[in-house]
file model09.cif (mmCIF, C-alpha atoms and all ligand atoms)
data_my_file
loop_
_atom_site.label_atom_id
_atom_site.label_comp_id
_atom_site.auth_asym_id
_atom_site.auth_seq_id
_atom_site.Cartn_x
_atom_site.Cartn_y
_atom_site.Cartn_z
CA MET A 1 -20.69 -94.22 -185.00
CA ILE A 2 -22.09 -97.41 -186.47
CA LYS A 3 -22.28 -99.89 -183.59
CA ALA A 4 -24.16 -102.85 -185.03
CA ILE A 5 -24.92 -104.63 -188.27
CA THR A 6 -28.09 -106.64 -188.84
CA LEU A 7 -27.95 -109.22 -191.59
CA ASP A 8 -30.51 -111.04 -193.65
CA LEU A 9 -29.57 -114.73 -194.12
CA ASP A 10 -31.10 -116.43 -197.20
CA ASP A 11 -29.57 -115.12 -200.45
CA THR A 12 -27.39 -112.76 -198.42
CA LEU A 13 -24.96 -115.24 -196.80
CA TRP A 14 -25.75 -118.16 -199.14
CA GLU A 15 -27.90 -118.94 -202.16
CA VAL A 16 -31.14 -120.36 -200.76
CA ARG A 17 -32.73 -122.02 -203.79
CA PRO A 18 -30.41 -125.06 -204.12
CA THR A 19 -30.58 -125.57 -200.34
CA LEU A 20 -34.38 -125.59 -200.32
CA ILE A 21 -34.60 -127.86 -203.36
CA ALA A 22 -32.28 -130.38 -201.70
CA ALA A 23 -34.09 -130.12 -198.35
CA GLU A 24 -37.46 -130.60 -200.06
CA ARG A 25 -36.12 -133.69 -201.82
CA THR A 26 -34.81 -135.11 -198.51
CA LEU A 27 -38.17 -134.45 -196.85
CA ARG A 28 -40.16 -136.14 -199.62
CA SER A 29 -37.94 -139.19 -199.63
CA TRP A 30 -38.19 -139.48 -195.81
CA LEU A 31 -41.99 -139.22 -196.00
CA THR A 32 -42.21 -141.76 -198.82
CA SER A 33 -40.19 -144.33 -196.90
CA HIS A 34 -41.69 -143.70 -193.41
CA CYS A 35 -45.29 -143.01 -194.47
CA PRO A 36 -45.76 -144.96 -197.73
CA ASN A 37 -49.49 -144.13 -198.00
CA VAL A 38 -48.57 -140.51 -198.69
CA ALA A 39 -46.35 -141.33 -201.71
CA PRO A 40 -49.07 -140.88 -204.39
CA LEU A 41 -50.11 -137.52 -202.89
CA ILE A 42 -46.50 -136.33 -202.95
CA ALA A 43 -46.02 -137.57 -206.51
CA SER A 44 -49.09 -135.64 -207.68
CA ASN A 45 -47.80 -132.41 -206.07
CA GLY A 46 -50.56 -132.64 -203.44
CA LEU A 47 -48.39 -130.95 -200.81
CA MET A 48 -48.50 -127.72 -202.83
CA ASP A 49 -52.32 -127.86 -203.04
CA ILE A 50 -52.58 -128.38 -199.28
CA ARG A 51 -50.22 -125.44 -198.72
CA LYS A 52 -52.33 -123.17 -200.94
CA LYS A 53 -55.51 -124.16 -199.11
CA LEU A 54 -53.94 -123.59 -195.69
CA ILE A 55 -52.69 -120.12 -196.65
CA LEU A 56 -56.09 -119.23 -198.03
CA ASN A 57 -57.73 -120.12 -194.70
CA GLU A 58 -54.94 -118.80 -192.47
CA PRO A 59 -52.96 -116.09 -194.32
CA GLU A 60 -50.87 -115.38 -191.19
CA LEU A 61 -49.16 -118.77 -191.74
CA MET A 62 -47.15 -117.04 -194.51
CA HIS A 63 -45.02 -115.52 -191.73
CA ARG A 64 -44.66 -118.81 -189.87
CA VAL A 65 -42.80 -120.97 -192.34
CA SER A 66 -41.90 -123.72 -189.86
CA GLU A 67 -45.41 -124.10 -188.49
CA MET A 68 -46.82 -124.01 -192.02
CA ARG A 69 -44.54 -126.83 -193.16
CA VAL A 70 -45.48 -129.02 -190.17
CA ARG A 71 -49.17 -128.33 -190.81
CA VAL A 72 -48.89 -129.17 -194.53
CA ILE A 73 -47.24 -132.51 -193.76
CA GLU A 74 -49.73 -133.25 -190.98
CA GLN A 75 -52.67 -132.51 -193.27
CA ALA A 76 -51.20 -134.68 -196.02
CA LEU A 77 -50.88 -137.60 -193.60
CA LEU A 78 -54.45 -137.11 -192.35
CA GLU A 79 -55.72 -137.12 -195.94
CA CYS A 80 -53.89 -140.42 -196.42
CA ASP A 81 -55.76 -142.00 -193.50
CA TYR A 82 -53.10 -141.85 -190.82
CA SER A 83 -54.44 -141.24 -187.31
CA SER A 84 -54.28 -137.68 -185.97
CA SER A 85 -51.75 -138.48 -183.22
CA TRP A 86 -49.54 -140.39 -185.66
CA ALA A 87 -49.86 -137.63 -188.27
CA ARG A 88 -48.76 -134.99 -185.79
CA GLN A 89 -45.82 -137.01 -184.51
CA ALA A 90 -44.63 -138.02 -187.99
CA ALA A 91 -45.05 -134.43 -189.25
CA GLU A 92 -42.77 -133.17 -186.49
CA SER A 93 -40.16 -135.85 -187.21
CA ALA A 94 -40.35 -135.13 -190.93
CA PHE A 95 -39.96 -131.41 -190.28
CA GLU A 96 -36.83 -132.04 -188.20
CA VAL A 97 -35.38 -133.99 -191.16
CA PHE A 98 -36.23 -131.04 -193.44
CA LEU A 99 -34.74 -128.51 -191.03
CA GLU A 100 -31.48 -130.42 -190.74
CA ALA A 101 -31.21 -130.50 -194.55
CA ARG A 102 -32.21 -126.83 -194.77
CA HIS A 103 -29.13 -125.96 -192.73
CA GLN A 104 -26.76 -127.66 -195.19
CA VAL A 105 -25.95 -124.36 -196.89
CA SER A 106 -22.98 -123.38 -199.05
CA PHE A 107 -21.85 -119.99 -197.84
CA TYR A 108 -20.92 -117.38 -200.42
CA PRO A 109 -17.14 -116.88 -200.63
CA LEU A 110 -15.48 -115.30 -197.57
CA VAL A 111 -18.71 -115.08 -195.55
CA ILE A 112 -17.13 -116.61 -192.44
CA GLU A 113 -14.01 -114.44 -192.69
CA VAL A 114 -16.09 -111.28 -193.12
CA LEU A 115 -18.40 -112.13 -190.20
CA GLU A 116 -15.38 -112.82 -188.02
CA GLU A 117 -13.76 -109.52 -189.02
CA LEU A 118 -16.94 -107.47 -188.55
CA SER A 119 -17.79 -109.11 -185.22
CA ARG A 120 -14.53 -107.75 -183.76
CA THR A 121 -15.80 -104.17 -184.23
CA TYR A 122 -19.58 -104.38 -184.48
CA ARG A 123 -22.37 -106.33 -182.84
CA LEU A 124 -24.07 -108.56 -185.38
CA ALA A 125 -27.69 -109.75 -185.42
CA ALA A 126 -29.52 -111.98 -187.91
CA LEU A 127 -32.95 -110.85 -189.19
CA SER A 128 -34.62 -113.48 -191.36
CA ASN A 129 -38.05 -114.22 -192.73
CA GLY A 130 -37.03 -117.88 -193.06
CA ASN A 131 -36.20 -120.62 -190.58
CA ALA A 132 -32.41 -120.80 -190.80
CA ASN A 133 -30.74 -120.40 -187.43
CA VAL A 134 -27.25 -118.92 -187.10
CA TYR A 135 -26.56 -121.04 -184.02
CA ARG A 136 -27.40 -124.24 -185.85
CA LEU A 137 -25.13 -123.10 -188.68
CA GLY A 138 -22.18 -122.74 -186.33
CA LEU A 139 -22.20 -118.94 -186.73
CA GLY A 140 -23.41 -118.27 -183.18
CA LYS A 141 -20.07 -116.97 -181.99
CA TYR A 142 -20.29 -114.03 -184.39
CA PHE A 143 -23.90 -113.04 -183.59
CA SER A 144 -25.47 -111.36 -180.55
CA PHE A 145 -28.88 -112.77 -181.48
CA GLY A 146 -31.13 -113.83 -184.34
CA LEU A 147 -34.76 -112.89 -185.00
CA ASN A 148 -37.13 -114.43 -187.48
CA ALA A 149 -40.67 -113.81 -188.68
CA GLU A 150 -41.94 -116.73 -186.59
CA THR A 151 -40.67 -115.37 -183.26
CA VAL A 152 -41.56 -111.74 -184.08
CA GLY A 153 -45.00 -112.67 -185.45
CA VAL A 154 -44.56 -110.82 -188.74
CA GLY A 155 -41.85 -110.72 -191.39
CA LYS A 156 -39.80 -107.95 -193.00
CA PRO A 157 -40.55 -105.39 -194.46
CA HIS A 158 -42.92 -104.85 -191.51
CA PRO A 159 -41.07 -102.56 -189.08
CA ALA A 160 -41.62 -104.92 -186.11
CA MET A 161 -38.49 -107.04 -186.65
CA PHE A 162 -36.28 -103.96 -187.11
CA GLU A 163 -37.84 -102.29 -184.06
CA GLN A 164 -37.24 -105.39 -181.97
CA ALA A 165 -33.63 -105.54 -183.17
CA LEU A 166 -33.01 -101.89 -182.20
CA GLU A 167 -34.56 -102.55 -178.80
CA ARG A 168 -32.39 -105.62 -178.18
CA LEU A 169 -29.28 -103.76 -179.35
CA GLU A 170 -30.23 -100.69 -177.27
CA LEU A 171 -29.18 -98.51 -180.21
CA SER A 172 -30.79 -95.81 -182.32
CA ALA A 173 -31.50 -96.44 -186.02
CA ASP A 174 -28.60 -94.19 -187.07
CA GLN A 175 -26.12 -96.50 -185.28
CA VAL A 176 -27.17 -99.58 -187.23
CA VAL A 177 -26.68 -100.87 -190.79
CA HIS A 178 -28.96 -103.55 -192.22
CA VAL A 179 -27.57 -105.78 -194.98
CA GLY A 180 -29.77 -107.84 -197.28
CA ASP A 181 -30.58 -108.93 -200.82
CA ASN A 182 -34.27 -108.02 -201.02
CA PRO A 183 -35.06 -104.42 -202.09
CA ASP A 184 -38.42 -104.40 -200.28
CA ASP A 185 -37.97 -106.69 -197.28
CA ASP A 186 -34.47 -105.56 -196.41
CA VAL A 187 -33.82 -102.11 -197.85
CA VAL A 188 -37.25 -100.46 -197.78
CA GLY A 189 -38.06 -102.24 -194.51
CA ALA A 190 -35.00 -100.88 -192.71
CA GLN A 191 -35.24 -97.43 -194.35
CA GLN A 192 -38.69 -96.87 -192.79
CA LEU A 193 -36.96 -96.66 -189.41
CA GLY A 194 -33.96 -94.65 -190.60
CA ILE A 195 -31.55 -97.60 -190.43
CA HIS A 196 -28.65 -97.43 -192.90
CA THR A 197 -28.92 -100.07 -195.62
CA VAL A 198 -26.62 -102.15 -197.78
CA TRP A 199 -28.19 -103.92 -200.74
CA VAL A 200 -26.49 -107.23 -201.59
CA ASN A 201 -26.80 -107.42 -205.35
CA PRO A 202 -24.64 -110.26 -206.74
CA ASP A 203 -26.42 -110.26 -210.12
CA GLN A 204 -25.89 -106.51 -210.59
CA LEU A 205 -29.59 -105.85 -211.09
CA ASP A 206 -30.93 -102.32 -211.51
CA TRP A 207 -32.38 -100.75 -208.39
CA PRO A 208 -36.22 -100.53 -208.67
CA SER A 209 -36.56 -96.88 -209.64
CA ASP A 210 -39.71 -96.14 -207.63
CA THR A 211 -38.06 -96.60 -204.24
CA GLN A 212 -35.38 -94.73 -202.30
CA LYS A 213 -31.89 -96.07 -202.99
CA PRO A 214 -29.99 -97.99 -200.31
CA SER A 215 -27.10 -96.27 -198.50
CA ALA A 216 -24.74 -98.55 -200.42
CA GLU A 217 -24.68 -101.57 -202.69
CA ILE A 218 -22.29 -104.54 -202.81
CA GLU A 219 -21.87 -107.50 -205.15
CA CYS A 220 -20.22 -109.80 -202.63
CA MET A 221 -19.65 -110.03 -198.90
CA GLU A 222 -15.96 -109.31 -199.31
CA GLN A 223 -16.92 -105.69 -200.04
CA LEU A 224 -18.94 -105.30 -196.84
CA PRO A 225 -16.25 -104.17 -194.33
CA ASP A 226 -15.12 -101.27 -196.58
CA CYS A 227 -18.73 -100.44 -197.30
CA ILE A 228 -19.53 -100.14 -193.57
CA THR A 229 -16.47 -97.93 -193.11
CA MET A 230 -17.74 -95.69 -195.90
CA ILE A 231 -21.22 -95.43 -194.38
CA ASN A 232 -19.62 -94.57 -191.05
CA ARG A 233 -17.58 -91.81 -192.69
CA ASN A 234 -20.55 -90.30 -194.56
CA ARG A 235 -23.17 -90.41 -191.86
MG MG A 301 -32.82 -112.75 -198.35
#

call {"tool": "encode", "arguments": {"input": "model09.cif", "output": "structure tokens", "more": "lines below"}}
Ligand SMILES: [Mg+2]
result
Amino acid sequence: MIKAITLDLDDTLWEVRPTLIAAERTLRSWLTSHCPNVAPLIASNGLMDIRKKLILNEPELMHRVSEMRVRVIEQALLECDYSSSWARQAAESAFEVFLEARHQVSFYPLVIEVLEELSRTYRLAALSNGNANVYRLGLGKYFSFGLNAETVGVGKPHPAMFEQALERLELSADQVVHVGDNPDDDVVGAQQLGIHTVWVNPDQLDWPSDTQKPSAEIECMEQLPDCITMINRNR
């Protein structure tokens, strides 16, 4: 029997792009008003250049999106002649402002209802490469736990996050379904361990032909409960 469902967050439970654009705007306006020296660097897209340089020197930061953002802001402030202690402190405050805005998501229709329904039968866990937190989103009561690339040390599709989830759930791969929008990170990632997969495909894209198909495909979360029942029946 299927006992647990692991869920990706960004672009699975909500559309992430508008959230990130708004959060980025909030961050930049906070920085401009609290650290005015940095305004020209922000206006000239200097944050992006700093980010590129940091990733070049420390590629592992790609998996640590929160730390990377703090470091980018800190570096920007240093380049604008703020002291190192002030830069660090302001970067952390700025990041908190970003993170608060990053949690102002608009859930896809019926997400809450579906999570509530599924959580009555299955254990749910969040597996994300980003820095959204189900507890901060008020979804904690539906989830047993959440893992992200920062706490695991590496993101999906690396097997580590899926392995850690199975360990925490104390279940075998065949008892778990992973649900997510990304063919590689979510579907291929989970398939490597033999976990059942549901591809969330709201735009009805074609499945990339060179990879093994997911166990099932849905266009919206409303279809998930029936889809899990079907996987359970066919396994
Ligand atoms: Mg996603």

call {"tool": "closest_atom_pairs", "arguments": {"input": "model09.cif", "of": "chain A", "to": "ligand MG 301 (chain A)", "cutoff": "12 Å", "atoms": "all atoms listed in the file", "output": "JSON lines"}}
result
{"residue": "A:Leu7", "atom": "CA", "partner": "A:MG301", "partner_atom": "MG", "distance": 9.0}
{"residue": "A:Asp8", "atom": "CA", "partner": "A:MG301", "partner_atom": "MG", "distance": 5.5}
{"residue": "A:Leu9", "atom": "CA", "partner": "A:MG301", "partner_atom": "MG", "distance": 5.7}
{"residue": "A:Asp10", "atom": "CA", "partner": "A:MG301", "partner_atom": "MG", "distance": 4.2}
{"residue": "A:Asp11", "atom": "CA", "partner": "A:MG301", "partner_atom": "MG", "distance": 4.5}
{"residue": "A:Thr12", "atom": "CA", "partner": "A:MG301", "partner_atom": "MG", "distance": 5.4}
{"residue": "A:Leu13", "atom": "CA", "partner": "A:MG301", "partner_atom": "MG", "distance": 8.4}
{"residue": "A:Trp14", "atom": "CA", "partner": "A:MG301", "partner_atom": "MG", "distance": 8.9}
{"residue": "A:Glu15", "atom": "CA", "partner": "A:MG301", "partner_atom": "MG", "distance": 8.8}
{"residue": "A:Val16", "atom": "CA", "partner": "A:MG301", "partner_atom": "MG", "distance": 8.2}
{"residue": "A:Arg17", "atom": "CA", "partner": "A:MG301", "partner_atom": "MG", "distance": 10.7}
{"residue": "A:Ala126", "atom": "CA", "partner": "A:MG301", "partner_atom": "MG", "distance": 11.0}
{"residue": "A:Leu127", "atom": "CA", "partner": "A:MG301", "partner_atom": "MG", "distance": 9.4}
{"residue": "A:Ser128", "atom": "CA", "partner": "A:MG301", "partner_atom": "MG", "distance": 7.3}
{"residue": "A:Asn129", "atom": "CA", "partner": "A:MG301", "partner_atom": "MG", "distance": 7.8}
{"residue": "A:Gly130", "atom": "CA", "partner": "A:MG301", "partner_atom": "MG", "distance": 8.5}
{"residue": "A:Asn131", "atom": "CA", "partner": "A:MG301", "partner_atom": "MG", "distance": 11.6}
{"residue": "A:Ala132", "atom": "CA", "partner": "A:MG301", "partner_atom": "MG", "distance": 11.0}
{"residue": "A:Asn148", "atom": "CA", "partner": "A:MG301", "partner_atom": "MG", "distance": 11.8}
{"residue": "A:Gly155", "atom": "CA", "partner": "A:MG301", "partner_atom": "MG", "distance": 11.6}
{"residue": "A:Lys156", "atom": "CA", "partner": "A:MG301", "partner_atom": "MG", "distance": 10.0}
{"residue": "A:Pro157", "atom": "CA", "partner": "A:MG301", "partner_atom": "MG", "distance": 11.4}
{"residue": "A:His178", "atom": "CA", "partner": "A:MG301", "partner_atom": "MG", "distance": 11.7}
{"residue": "A:Val179", "atom": "CA", "partner": "A:MG301", "partner_atom": "MG", "distance": 9.4}
{"residue": "A:Gly180", "atom": "CA", "partner": "A:MG301", "partner_atom": "MG", "distance": 5.9}
{"residue": "A:Asp181", "atom": "CA", "partner": "A:MG301", "partner_atom": "MG", "distance": 5.1}
{"residue": "A:Asn182", "atom": "CA", "partner": "A:MG301", "partner_atom": "MG", "distance": 5.6}
{"residue": "A:Pro183", "atom": "CA", "partner": "A:MG301", "partner_atom": "MG", "distance": 9.4}
{"residue": "A:Asp184", "atom": "CA", "partner": "A:MG301", "partner_atom": "MG", "distance": 10.2}
{"residue": "A:Asp185", "atom": "CA", "partner": "A:MG301", "partner_atom": "MG", "distance": 8.0}
{"residue": "A:Asp186", "atom": "CA", "partner": "A:MG301", "partner_atom": "MG", "distance": 7.6}
{"residue": "A:Val187", "atom": "CA", "partner": "A:MG301", "partner_atom": "MG", "distance": 10.7}
{"residue": "A:Trp199", "atom": "CA", "partner": "A:MG301", "partner_atom": "MG", "distance": 10.3}
{"residue": "A:Val200", "atom": "CA", "partner": "A:MG301", "partner_atom": "MG", "distance": 9.0}
{"residue": "A:Asn201", "atom": "CA", "partner": "A:MG301", "partner_atom": "MG", "distance": 10.7}
{"residue": "A:Pro202", "atom": "CA", "partner": "A:MG301", "partner_atom": "MG", "distance": 12.0}

call {"tool": "write_last_selection", "arguments": {"input": "model09.cif", "atoms": "C-alpha atoms", "output": "short mmCIF file (atom, residue, chain, number, x, y, z; two decimals), in the frame of the given file"}}
result
data_model
loop_
_atom_site.label_atom_id
_atom_site.label_comp_id
_atom_site.auth_asym_id
_atom_site.auth_seq_id
_atom_site.Cartn_x
_atom_site.Cartn_y
_atom_site.Cartn_z
CA LEU A 7 -27.95 -109.22 -191.59
CA ASP A 8 -30.51 -111.04 -193.65
CA LEU A 9 -29.57 -114.73 -194.12
CA ASP A 10 -31.10 -116.43 -197.20
CA ASP A 11 -29.57 -115.12 -200.45
CA THR A 12 -27.39 -112.76 -198.42
CA LEU A 13 -24.96 -115.24 -196.80
CA TRP A 14 -25.75 -118.16 -199.14
CA GLU A 15 -27.90 -118.94 -202.16
CA VAL A 16 -31.14 -120.36 -200.76
CA ARG A 17 -32.73 -122.02 -203.79
CA ALA A 126 -29.52 -111.98 -187.91
CA LEU A 127 -32.95 -110.85 -189.19
CA SER A 128 -34.62 -113.48 -191.36
CA ASN A 129 -38.05 -114.22 -192.73
CA GLY A 130 -37.03 -117.88 -193.06
CA ASN A 131 -36.20 -120.62 -190.58
CA ALA A 132 -32.41 -120.80 -190.80
CA ASN A 148 -37.13 -114.43 -187.48
CA GLY A 155 -41.85 -110.72 -191.39
CA LYS A 156 -39.80 -107.95 -193.00
CA PRO A 157 -40.55 -105.39 -194.46
CA HIS A 178 -28.96 -103.55 -192.22
CA VAL A 179 -27.57 -105.78 -194.98
CA GLY A 180 -29.77 -107.84 -197.28
CA ASP A 181 -30.58 -108.93 -200.82
CA ASN A 182 -34.27 -108.02 -201.02
CA PRO A 183 -35.06 -104.42 -202.09
CA ASP A 184 -38.42 -104.40 -200.28
CA ASP A 185 -37.97 -106.69 -197.28
CA ASP A 186 -34.47 -105.56 -196.41
CA VAL A 187 -33.82 -102.11 -197.85
CA TRP A 199 -28.19 -103.92 -200.74
CA VAL A 200 -26.49 -107.23 -201.59
CA ASN A 201 -26.80 -107.42 -205.35
CA PRO A 202 -24.64 -110.26 -206.74
#

call {"tool": "closest_residue", "arguments": {"input": "model09.cif", "among": "A:His34, A:Arg102, A:Arg51, A:Arg168", "to": "Arg123 in chain A", "atoms": "only C-alpha atoms"}}
result
A:Arg168

call {"tool": "residues_around", "arguments": {"input": "model09.cif", "residues": "Ser172 in chain A", "least_positions_apart": "2", "cutoff": "12 Å", "atoms": "all atoms listed in the file", "output": "PDB file with C-alpha atoms, in the frame of the given file"}}
result
ATOM      1  CA  MET A   1     -20.690 -94.220-185.000  1.00  0.00           C
ATOM      2  CA  ILE A   2     -22.090 -97.410-186.470  1.00  0.00           C
ATOM      3  CA  LYS A   3     -22.280 -99.890-183.590  1.00  0.00           C
ATOM      4  CA  ALA A   4     -24.160-102.850-185.030  1.00  0.00           C
ATOM      5  CA  PHE A 162     -36.280-103.960-187.110  1.00  0.00           C
ATOM      6  CA  GLU A 163     -37.840-102.290-184.060  1.00  0.00           C
ATOM      7  CA  GLN A 164     -37.240-105.390-181.970  1.00  0.00           C
ATOM      8  CA  ALA A 165     -33.630-105.540-183.170  1.00  0.00           C
ATOM      9  CA  LEU A 166     -33.010-101.890-182.200  1.00  0.00           C
ATOM     10  CA  GLU A 167     -34.560-102.550-178.800  1.00  0.00           C
ATOM     11  CA  ARG A 168     -32.390-105.620-178.180  1.00  0.00           C
ATOM     12  CA  LEU A 169     -29.280-103.760-179.350  1.00  0.00           C
ATOM     13  CA  GLU A 170     -30.230-100.690-177.270  1.00  0.00           C
ATOM     14  CA  ASP A 174     -28.600 -94.190-187.070  1.00  0.00           C
ATOM     15  CA  GLN A 175     -26.120 -96.500-185.280  1.00  0.00           C
ATOM     16  CA  VAL A 176     -27.170 -99.580-187.230  1.00  0.00           C
ATOM     17  CA  VAL A 177     -26.680-100.870-190.790  1.00  0.00           C
ATOM     18  CA  LEU A 193     -36.960 -96.660-189.410  1.00  0.00           C
ATOM     19  CA  GLY A 194     -33.960 -94.650-190.600  1.00  0.00           C
ATOM     20  CA  ILE A 195     -31.550 -97.600-190.430  1.00  0.00           C
ATOM     21  CA  HIS A 196     -28.650 -97.430-192.900  1.00  0.00           C
TER      22      HIS A 196
END

call {"tool": "closest_residue", "arguments": {"input": "model09.cif", "among": "A:Val38, A:Leu118, A:Val70, A:Met161", "to": "Ser93 in chain A", "atoms": "all atoms listed in the file"}}
result
A:Val70

call {"tool": "residues_around", "arguments": {"input": "model09.cif", "residues": "range 18-33 of chain A", "least_positions_apart": "3", "cutoff": "9 Å", "atoms": "only C-alpha atoms", "output": "PyMOL selection string"}}
result
chain A and resi 14-15+36-40+42+73+90-91+94-95+97-106

call {"tool": "atom_distance", "arguments": {"input": "model09.cif", "atom1": "CA of Trp86 in chain A", "atom2": "CA of Cys35 in chain A"}}
result
10.1 Å

call {"tool": "atom_distance", "arguments": {"input": "model09.cif", "atom1": "CA of Lys141 in chain A", "atom2": "CA of Glu219 in chain A"}}
result
25.1 Å

call {"tool": "closest_residue", "arguments": {"input": "model09.cif", "among": "A:Gly46, A:Pro159, A:Pro109, A:Pro214", "to": "Gly189 in chain A", "atoms": "all atoms listed in the file"}}
result
A:Pro159

call {"tool": "closest_residue", "arguments": {"input": "model09.cif", "among": "A:Thr6, A:Gln192, A:Asn45, A:Thr229", "to": "Thr211 in chain A", "atoms": "only C-alpha atoms"}}
result
A:Gln192

call {"tool": "atom_distance", "arguments": {"input": "model09.cif", "atom1": "CA of Val111 in chain A", "atom2": "CA of Met221 in chain A"}}
result
6.1 Å

call {"tool": "residues_near_point", "arguments": {"input": "model09.cif", "point": "(-25.1, -112.3, -182.6)", "cutoff": "7 Å", "atoms": "only C-alpha atoms", "output": "mmCIF file with C-alpha atoms, in the frame of the given file"}}
result
data_model
loop_
_atom_site.group_PDB
_atom_site.id
_atom_site.type_symbol
_atom_site.label_atom_id
_atom_site.label_comp_id
_atom_site.auth_asym_id
_atom_site.auth_seq_id
_atom_site.Cartn_x
_atom_site.Cartn_y
_atom_site.Cartn_z
ATOM 1 C CA ARG A 123 -22.370 -106.330 -182.840
ATOM 2 C CA LEU A 124 -24.070 -108.560 -185.380
ATOM 3 C CA ALA A 125 -27.690 -109.750 -185.420
ATOM 4 C CA ALA A 126 -29.520 -111.980 -187.910
ATOM 5 C CA GLY A 140 -23.410 -118.270 -183.180
ATOM 6 C CA LYS A 141 -20.070 -116.970 -181.990
ATOM 7 C CA TYR A 142 -20.290 -114.030 -184.390
ATOM 8 C CA PHE A 143 -23.900 -113.040 -183.590
ATOM 9 C CA SER A 144 -25.470 -111.360 -180.550
ATOM 10 C CA PHE A 145 -28.880 -112.770 -181.480
ATOM 11 C CA GLY A 146 -31.130 -113.830 -184.340
#

call {"tool": "closest_residue", "arguments": {"input": "model09.cif", "among": "A:Arg69, A:Gln204, A:Thr197, A:Asn234", "to": "Ala216 in chain A", "atoms": "all atoms listed in the file"}}
result
A:Thr197

call {"tool": "residues_around", "arguments": {"input": "model09.cif", "residues": "Val114 in chain A", "least_positions_apart": "2", "cutoff": "12 Å", "atoms": "all atoms listed in the file", "output": "number ranges by chain"}}
result
A: 13, 107-112, 116-122, 124, 139, 142, 220-228

call {"tool": "write_last_selection", "arguments": {"input": "model09.cif", "atoms": "C-alpha atoms", "output": "mmCIF file, keeping the file's coordinate frame"}}
result
data_model
loop_
_atom_site.group_PDB
_atom_site.id
_atom_site.type_symbol
_atom_site.label_atom_id
_atom_site.label_comp_id
_atom_site.auth_asym_id
_atom_site.auth_seq_id
_atom_site.Cartn_x
_atom_site.Cartn_y
_atom_site.Cartn_z
ATOM 1 C CA LEU A 13 -24.960 -115.240 -196.800
ATOM 2 C CA PHE A 107 -21.850 -119.990 -197.840
ATOM 3 C CA TYR A 108 -20.920 -117.380 -200.420
ATOM 4 C CA PRO A 109 -17.140 -116.880 -200.630
ATOM 5 C CA LEU A 110 -15.480 -115.300 -197.570
ATOM 6 C CA VAL A 111 -18.710 -115.080 -195.550
ATOM 7 C CA ILE A 112 -17.130 -116.610 -192.440
ATOM 8 C CA GLU A 116 -15.380 -112.820 -188.020
ATOM 9 C CA GLU A 117 -13.760 -109.520 -189.020
ATOM 10 C CA LEU A 118 -16.940 -107.470 -188.550
ATOM 11 C CA SER A 119 -17.790 -109.110 -185.220
ATOM 12 C CA ARG A 120 -14.530 -107.750 -183.760
ATOM 13 C CA THR A 121 -15.800 -104.170 -184.230
ATOM 14 C CA TYR A 122 -19.580 -104.380 -184.480
ATOM 15 C CA LEU A 124 -24.070 -108.560 -185.380
ATOM 16 C CA LEU A 139 -22.200 -118.940 -186.730
ATOM 17 C CA TYR A 142 -20.290 -114.030 -184.390
ATOM 18 C CA CYS A 220 -20.220 -109.800 -202.630
ATOM 19 C CA MET A 221 -19.650 -110.030 -198.900
ATOM 20 C CA GLU A 222 -15.960 -109.310 -199.310
ATOM 21 C CA GLN A 223 -16.920 -105.690 -200.040
ATOM 22 C CA LEU A 224 -18.940 -105.300 -196.840
ATOM 23 C CA PRO A 225 -16.250 -104.170 -194.330
ATOM 24 C CA ASP A 226 -15.120 -101.270 -196.580
ATOM 25 C CA CYS A 227 -18.730 -100.440 -197.300
ATOM 26 C CA ILE A 228 -19.530 -100.140 -193.570
#

call {"tool": "residues_around", "arguments": {"input": "model09.cif", "residues": "Arg71 in chain A", "least_positions_apart": "3", "cutoff": "9 Å", "atoms": "only C-alpha atoms", "output": "PyMOL selection string"}}
result
chain A and resi 51+54+66-68+74-76+88+91

call {"tool": "write_last_selection", "arguments": {"input": "model09.cif", "atoms": "C-alpha atoms", "output": "PDB file, in the frame of the given file"}}
result
ATOM      1  CA  ARG A  51     -50.220-125.440-198.720  1.00  0.00           C
ATOM      2  CA  LEU A  54     -53.940-123.590-195.690  1.00  0.00           C
ATOM      3  CA  SER A  66     -41.900-123.720-189.860  1.00  0.00           C
ATOM      4  CA  GLU A  67     -45.410-124.100-188.490  1.00  0.00           C
ATOM      5  CA  MET A  68     -46.820-124.010-192.020  1.00  0.00           C
ATOM      6  CA  GLU A  74     -49.730-133.250-190.980  1.00  0.00           C
ATOM      7  CA  GLN A  75     -52.670-132.510-193.270  1.00  0.00           C
ATOM      8  CA  ALA A  76     -51.200-134.680-196.020  1.00  0.00           C
ATOM      9  CA  ARG A  88     -48.760-134.990-185.790  1.00  0.00           C
ATOM     10  CA  ALA A  91     -45.050-134.430-189.250  1.00  0.00           C
TER      11      ALA A  91
END

call {"tool": "closest_residue", "arguments": {"input": "model09.cif", "among": "A:Ile55, A:Leu77, A:Val152, A:Ile5", "to": "Ile231 in chain A", "atoms": "only C-alpha atoms"}}
result
A:Ile5

call {"tool": "axis_aligned_box", "arguments": {"input": "model09.cif", "around": "range 75-82 of chain A", "padding_each_side": "6 Å", "output": "lines of an AutoDock Vina configuration file"}}
result
center_x = -53.3
center_y = -137.3
center_z = -193.6
size_x = 16.9
size_y = 21.5
size_z = 17.6
